[in-house]
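A short worksheet on the structure shown next.
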Amino acid sequence: MLQLLHRWIWRDPERCARKLLTFAETEADGGRDLVRAAELTEDPTLRRLFTIHAAEEEKHAQLFRTRGAALLQSLPDRSSARLQLNWVSPGERGLDDLRVHAESDAGLLAFLHLSEKSAAGHFATYVDALKDDPLTSNVFKEVLKDETFHMNYTLAQLTRVAPQRHGLFLWKARASRLWKAYLRVASAIAGVMGTVILTLQYFILLPPFALLAKRAARREPQGWVSVPPESERKLESQY
Ligand SMILES: [Fe+2]
Ligand SMILES: [Fe+2]
């Protein structure tokens with residue numbers, strides 16, 4: 001069922017192009033955060049790995065951007081409004097809310113491991129869903145190889161830097177991802193509720209005010225109105 005849904009989501013070339021461009025932004029943003037992580041860590045092995053990781057995320061951004069732009073250019077006519085459905089088929093989610101400064105090396109590695117694992121799972125699904133578009137499918141295939149490496153090295157390094165407590169760090173990272181997923185759902189629901197309430201307010205509360213304004217306008221004298229001479233005007237009056 002899910003595979004069919006993904007196939008349907010990726011079948012539309014314009015949606016596909018826009019999703020790729022959004023994914024490119026997330027990858028580039030993640031790459032920048034990893035450069036910062038490389039600057040902050042005091043562990044030389046992690047510094048080297050984070051730098052390689054950052055370069056690979058930048059490469060992914062470039063791959064997604066190039067393919068997305070090529071797809072957009074090949075379309076006969078474009079409309080800017082098309083649902084991307086990123087909540088069903090997200091990109092490398094997790095890299096977008098990486099908080100490098102707030103995390104220890106072990107915390108960051110645990111968070112990265114879970115994000116990369118989830119991204120690898122999603123990208124493997126997209127390789128299958130895009131069988132009819134081999135060029136885009138190959139982009140995901142290439143990115144998937146790196147994501148698998150990211151997923152594995154982060155776990156290996158987590159076990160090295162926190163041999164006794166790596167399980168605890170993974171659980172904490174899982175709880176944080178769950179909390180963020182809850183916040184994403186809650187803010188989406190709040191968005192829908194806000195739209196419904198504002199629409200109801202518009203149709204229920206606004207009409208009486210519009211009627212009152214119309215009635216008041218009818219009572220207003222038409223055309224020019226004579227104003228009493230200056231000497232007869234009250235000081236507290238505007239006219
Ligand atoms: Fe990536
Ligand atoms: Fe990655």
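To be explicit about the labels: the chains of the structure tokens are called A, B, and onward in the order shown, and within each one the residues are counted from 1, while ligands get numbers from 1 in the order they are shown.
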TODO: Could you please extract the residues within 6 Å of ligand 1, counting only C-alpha atoms and all ligand atoms, and hand them back as a VMD selection string?
DONE: chain A and resid 27 57 60 147
Task: alpha helix (DSSP H) call set, DSSP backbone run, chain A, as an NGL selection string - done: :A and (2-11 or 13-40 or 44-74 or 105-129 or 134-161 or 166-204 or 206-219)
TODO: For ligand 2, collect every residue having any atom at a distance of at most 8 Å from a ligand atom (counting only C-alpha atoms and all ligand atoms); output as a list in words.
DONE: Glu27, His53, Glu56, Glu57, Glu92, Leu95, Ser115, Glu116, Ala119, Asp146, Glu147, Thr148, His150 and Met151 of chain A
- [ ] Extract, using only C-alpha atoms, all DNA, RNA and protein residues at most 12 Å from Gly121 in chain A, discarding same-chain residues fewer than 6 positions from it, and format them as a PyMOL selection string.
- [x] chain A and resi 89-93+114-115+127-128+140-141+143-145+147-148+151
Restrict the selected residues to C-alpha atoms and save them as an mmCIF file, in the first residue's frame.
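Result saved to selection10.cif:
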data_model
loop_
_atom_site.group_PDB
_atom_site.id
_atom_site.type_symbol
_atom_site.label_atom_id
_atom_site.label_comp_id
_atom_site.auth_asym_id
_atom_site.auth_seq_id
_atom_site.Cartn_x
_atom_site.Cartn_y
_atom_site.Cartn_z
ATOM 1 C CA SER A 89 7.909 11.155 1.851
ATOM 2 C CA PRO A 90 10.466 13.338 3.623
ATOM 3 C CA GLY A 91 14.110 13.893 2.709
ATOM 4 C CA GLU A 92 16.990 13.580 5.151
ATOM 5 C CA ARG A 93 14.823 14.689 8.038
ATOM 6 C CA LEU A 114 19.023 7.760 13.768
ATOM 7 C CA SER A 115 18.537 10.501 11.149
ATOM 8 C CA VAL A 127 14.729 4.138 -5.578
ATOM 9 C CA ASP A 128 11.928 1.557 -6.025
ATOM 10 C CA PHE A 140 18.731 8.343 -4.959
ATOM 11 C CA LYS A 141 20.821 5.186 -5.497
ATOM 12 C CA VAL A 143 22.900 9.201 -2.314
ATOM 13 C CA LEU A 144 21.790 5.989 -0.588
ATOM 14 C CA LYS A 145 25.352 4.567 -0.699
ATOM 15 C CA GLU A 147 23.706 7.529 3.710
ATOM 16 C CA THR A 148 24.445 3.888 4.516
ATOM 17 C CA MET A 151 24.508 5.456 9.305
#
Counting only C-alpha atoms, which residues of range 45-147 of chain A fall within 8 Å of range 169-193 of chain A, and what is the closest atom pair for each with its distance in Å at one decimal, ordered by chain and rising number, as CSV?
residue,atom,partner,partner_atom,distance
A:Gly94,CA,A:Arg177,CA,7.8
A:Ala106,CA,A:Phe169,CA,6.8
A:Gly107,CA,A:Phe169,CA,5.8
A:Ala110,CA,A:Leu170,CA,5.2
A:Phe111,CA,A:Ala173,CA,5.2
A:Leu114,CA,A:Arg174,CA,7.4
Selection from above, N, CA and C atoms, as an mmCIF file, in the first residue's frame, can you write it?
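Once everything was written out, this is result.cif:
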data_model
loop_
_atom_site.group_PDB
_atom_site.id
_atom_site.type_symbol
_atom_site.label_atom_id
_atom_site.label_comp_id
_atom_site.auth_asym_id
_atom_site.auth_seq_id
_atom_site.Cartn_x
_atom_site.Cartn_y
_atom_site.Cartn_z
ATOM 1 N N GLY A 94 15.868 15.440 10.052
ATOM 2 C CA GLY A 94 16.765 15.283 11.203
ATOM 3 C C GLY A 94 17.930 16.218 11.002
ATOM 4 N N ALA A 106 28.806 12.414 21.730
ATOM 5 C CA ALA A 106 28.009 11.184 21.748
ATOM 6 C C ALA A 106 26.547 11.482 21.406
ATOM 7 N N GLY A 107 26.009 12.571 21.961
ATOM 8 C CA GLY A 107 24.621 12.950 21.681
ATOM 9 C C GLY A 107 24.423 13.234 20.199
ATOM 10 N N ALA A 110 24.569 9.992 18.162
ATOM 11 C CA ALA A 110 23.335 9.204 18.298
ATOM 12 C C ALA A 110 22.237 9.807 17.435
ATOM 13 N N PHE A 111 22.114 11.141 17.496
ATOM 14 C CA PHE A 111 21.089 11.828 16.709
ATOM 15 C C PHE A 111 21.336 11.632 15.215
ATOM 16 N N LEU A 114 20.455 8.015 13.982
ATOM 17 C CA LEU A 114 19.023 7.760 13.768
ATOM 18 C C LEU A 114 18.508 8.496 12.532
#
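With only C-alpha atoms as the atoms that count, the minimum distance from Trp10 in chain A to the choices A:Leu85, A:Leu206, A:Leu75, A:Leu112 is reached by A:Leu85.
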Mind dumping a table of every range 117-191 of chain A residue within 9 Å of range 1-8 of chain A, with the nearest atom pair and its distance in Å to one decimal, using only C-alpha atoms, sorted by chain and rising number, as a tab-separated table?
residue	atom	partner	partner_atom	distance
A:Thr125	CA	A:Gln3	CA	7.4
A:Tyr126	CA	A:His6	CA	7.2
A:Asp128	CA	A:Gln3	CA	8.2
A:Ala129	CA	A:Arg7	CA	4.6
A:Leu130	CA	A:Arg7	CA	6.7
A:Lys131	CA	A:Arg7	CA	8.8
Quick one: write out the picked residues with all heavy atoms as a PDB file, in the first residue's frame?
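part.pdb written:
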ATOM      1  N   THR A 125      13.266   3.330  -0.441  1.00  0.00           N
ATOM      2  CA  THR A 125      11.879   3.261  -0.939  1.00  0.00           C
ATOM      3  C   THR A 125      11.737   4.074  -2.225  1.00  0.00           C
ATOM      4  O   THR A 125      11.071   3.660  -3.168  1.00  0.00           O
ATOM      5  CB  THR A 125      10.902   3.838   0.117  1.00  0.00           C
ATOM      6  OG1 THR A 125      11.213   3.283   1.367  1.00  0.00           O
ATOM      7  CG2 THR A 125       9.463   3.555  -0.221  1.00  0.00           C
ATOM      8  N   TYR A 126      12.377   5.275  -2.267  1.00  0.00           N
ATOM      9  CA  TYR A 126      12.241   6.144  -3.443  1.00  0.00           C
ATOM     10  C   TYR A 126      12.934   5.546  -4.676  1.00  0.00           C
ATOM     11  O   TYR A 126      12.487   5.757  -5.795  1.00  0.00           O
ATOM     12  CB  TYR A 126      12.790   7.554  -3.176  1.00  0.00           C
ATOM     13  CG  TYR A 126      12.228   8.236  -1.940  1.00  0.00           C
ATOM     14  CD1 TYR A 126      12.915   9.266  -1.312  1.00  0.00           C
ATOM     15  CD2 TYR A 126      11.013   7.841  -1.397  1.00  0.00           C
ATOM     16  CE1 TYR A 126      12.406   9.875  -0.173  1.00  0.00           C
ATOM     17  CE2 TYR A 126      10.510   8.442  -0.256  1.00  0.00           C
ATOM     18  CZ  TYR A 126      11.213   9.458   0.359  1.00  0.00           C
ATOM     19  OH  TYR A 126      10.711  10.055   1.485  1.00  0.00           O
ATOM     20  N   ASP A 128      12.940   2.478  -5.472  1.00  0.00           N
ATOM     21  CA  ASP A 128      11.928   1.557  -6.025  1.00  0.00           C
ATOM     22  C   ASP A 128      10.767   2.313  -6.644  1.00  0.00           C
ATOM     23  O   ASP A 128      10.289   1.981  -7.724  1.00  0.00           O
ATOM     24  CB  ASP A 128      11.362   0.684  -4.892  1.00  0.00           C
ATOM     25  CG  ASP A 128      12.169  -0.586  -4.747  1.00  0.00           C
ATOM     26  OD1 ASP A 128      13.174  -0.714  -5.481  1.00  0.00           O
ATOM     27  OD2 ASP A 128      11.797  -1.416  -3.896  1.00  0.00           O
ATOM     28  N   ALA A 129      10.309   3.359  -5.923  1.00  0.00           N
ATOM     29  CA  ALA A 129       9.127   4.101  -6.393  1.00  0.00           C
ATOM     30  C   ALA A 129       9.398   4.828  -7.709  1.00  0.00           C
ATOM     31  O   ALA A 129       8.469   5.115  -8.462  1.00  0.00           O
ATOM     32  CB  ALA A 129       8.699   5.107  -5.325  1.00  0.00           C
ATOM     33  N   LEU A 130      10.675   5.114  -7.992  1.00  0.00           N
ATOM     34  CA  LEU A 130      11.013   5.898  -9.189  1.00  0.00           C
ATOM     35  C   LEU A 130      11.539   5.028 -10.334  1.00  0.00           C
ATOM     36  O   LEU A 130      12.314   5.507 -11.162  1.00  0.00           O
ATOM     37  CB  LEU A 130      12.060   6.954  -8.820  1.00  0.00           C
ATOM     38  CG  LEU A 130      11.485   8.188  -8.131  1.00  0.00           C
ATOM     39  CD1 LEU A 130      12.528   8.901  -7.303  1.00  0.00           C
ATOM     40  CD2 LEU A 130      10.895   9.151  -9.160  1.00  0.00           C
ATOM     41  N   LYS A 131      11.097   3.778 -10.372  1.00  0.00           N
ATOM     42  CA  LYS A 131      11.598   2.860 -11.413  1.00  0.00           C
ATOM     43  C   LYS A 131      11.339   3.388 -12.825  1.00  0.00           C
ATOM     44  O   LYS A 131      12.101   3.133 -13.747  1.00  0.00           O
ATOM     45  CB  LYS A 131      10.949   1.490 -11.242  1.00  0.00           C
ATOM     46  CG  LYS A 131      11.784   0.592 -10.359  1.00  0.00           C
ATOM     47  CD  LYS A 131      11.220  -0.785 -10.291  1.00  0.00           C
ATOM     48  CE  LYS A 131      12.020  -1.588  -9.273  1.00  0.00           C
ATOM     49  NZ  LYS A 131      11.192  -2.482  -8.501  1.00  0.00           N
TER      50      LYS A 131
END
9 Å contact set for range 19-21 of chain A, only C-alpha atoms, chain neighbours under 2 positions out, as a compact mmCIF listing (two decimals) with N, CA and C atoms, in the first residue's frame:
# COMPACT_ATOMS: atom_id res chain seq x y z
N TRP A 10 5.60 10.26 -6.41
CA TRP A 10 6.76 10.57 -7.24
C TRP A 10 6.45 10.57 -8.72
N GLU A 14 6.46 17.41 -11.81
CA GLU A 14 6.64 18.72 -11.19
C GLU A 14 6.79 18.59 -9.67
N ARG A 15 5.94 17.74 -9.08
CA ARG A 15 6.07 17.52 -7.63
C ARG A 15 7.45 16.94 -7.32
N CYS A 16 7.86 15.98 -8.17
CA CYS A 16 9.16 15.33 -8.00
C CYS A 16 10.27 16.39 -8.01
N ALA A 17 10.22 17.30 -9.00
CA ALA A 17 11.25 18.34 -9.12
C ALA A 17 11.28 19.22 -7.88
N PHE A 23 14.72 18.89 -0.90
CA PHE A 23 15.69 17.95 -0.30
C PHE A 23 17.10 18.56 -0.39
N ALA A 24 17.38 19.23 -1.52
CA ALA A 24 18.71 19.83 -1.73
C ALA A 24 19.00 20.85 -0.63
N GLU A 25 17.97 21.64 -0.28
CA GLU A 25 18.17 22.66 0.77
C GLU A 25 18.50 22.01 2.11
N THR A 26 17.75 20.92 2.43
CA THR A 26 17.99 20.23 3.71
C THR A 26 19.40 19.65 3.75
N ALA A 61 23.29 17.62 -2.01
CA ALA A 61 22.53 18.84 -2.33
C ALA A 61 22.70 19.16 -3.81
N LEU A 63 23.52 17.10 -6.25
CA LEU A 63 22.84 16.08 -7.09
C LEU A 63 21.34 16.34 -7.16
N PHE A 64 20.72 16.61 -6.00
CA PHE A 64 19.27 16.85 -5.97
C PHE A 64 18.92 18.13 -6.73
N ARG A 65 19.76 19.16 -6.53
CA ARG A 65 19.49 20.45 -7.17
C ARG A 65 19.56 20.31 -8.69
N THR A 66 20.61 19.63 -9.17
CA THR A 66 20.80 19.50 -10.62
C THR A 66 19.64 18.72 -11.24
N ARG A 67 19.27 17.60 -10.59
CA ARG A 67 18.18 16.78 -11.17
C ARG A 67 16.85 17.52 -11.07
N GLY A 68 16.61 18.19 -9.94
CA GLY A 68 15.35 18.95 -9.76
C GLY A 68 15.23 20.04 -10.82
N ALA A 69 16.34 20.77 -11.04
CA ALA A 69 16.31 21.87 -12.02
C ALA A 69 16.10 21.32 -13.43
N GLN A 84 3.67 19.04 -1.93
CA GLN A 84 4.86 18.17 -1.97
C GLN A 84 4.69 16.91 -1.14
N LEU A 85 3.74 16.94 -0.18
CA LEU A 85 3.47 15.79 0.70
C LEU A 85 4.74 15.30 1.40
N ASN A 86 5.55 16.22 1.89
CA ASN A 86 6.81 15.83 2.52
C ASN A 86 6.62 15.12 3.86
N PRO A 90 9.51 12.28 3.30
CA PRO A 90 10.47 13.34 3.62
C PRO A 90 11.85 13.06 3.05
N GLY A 91 12.72 14.08 3.11
CA GLY A 91 14.11 13.89 2.71
C GLY A 91 14.92 13.44 3.91
Using only C-alpha atoms, which protein or nucleic acid residues come within 8 Å of Val161 in chain A? Drop anything in the same chain fewer than 3 positions from it, and give the result as a PDB file with N, CA, C and O atoms, in the first residue's frame.
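Final output, saved to result_35.pdb:
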ATOM      1  N   ASP A 105      29.544  15.146  21.775  1.00  0.00           N
ATOM      2  CA  ASP A 105      29.896  14.301  20.624  1.00  0.00           C
ATOM      3  C   ASP A 105      28.995  13.064  20.562  1.00  0.00           C
ATOM      4  O   ASP A 105      28.463  12.715  19.506  1.00  0.00           O
ATOM      5  N   ALA A 106      28.806  12.414  21.730  1.00  0.00           N
ATOM      6  CA  ALA A 106      28.009  11.184  21.748  1.00  0.00           C
ATOM      7  C   ALA A 106      26.547  11.482  21.406  1.00  0.00           C
ATOM      8  O   ALA A 106      25.922  10.743  20.627  1.00  0.00           O
ATOM      9  N   GLN A 157      31.299   5.077  15.727  1.00  0.00           N
ATOM     10  CA  GLN A 157      31.972   6.117  16.511  1.00  0.00           C
ATOM     11  C   GLN A 157      31.278   6.339  17.854  1.00  0.00           C
ATOM     12  O   GLN A 157      31.942   6.613  18.848  1.00  0.00           O
ATOM     13  N   LEU A 158      29.953   6.199  17.868  1.00  0.00           N
ATOM     14  CA  LEU A 158      29.219   6.346  19.129  1.00  0.00           C
ATOM     15  C   LEU A 158      29.660   5.257  20.100  1.00  0.00           C
ATOM     16  O   LEU A 158      29.891   5.522  21.287  1.00  0.00           O
TER      17      LEU A 158
END
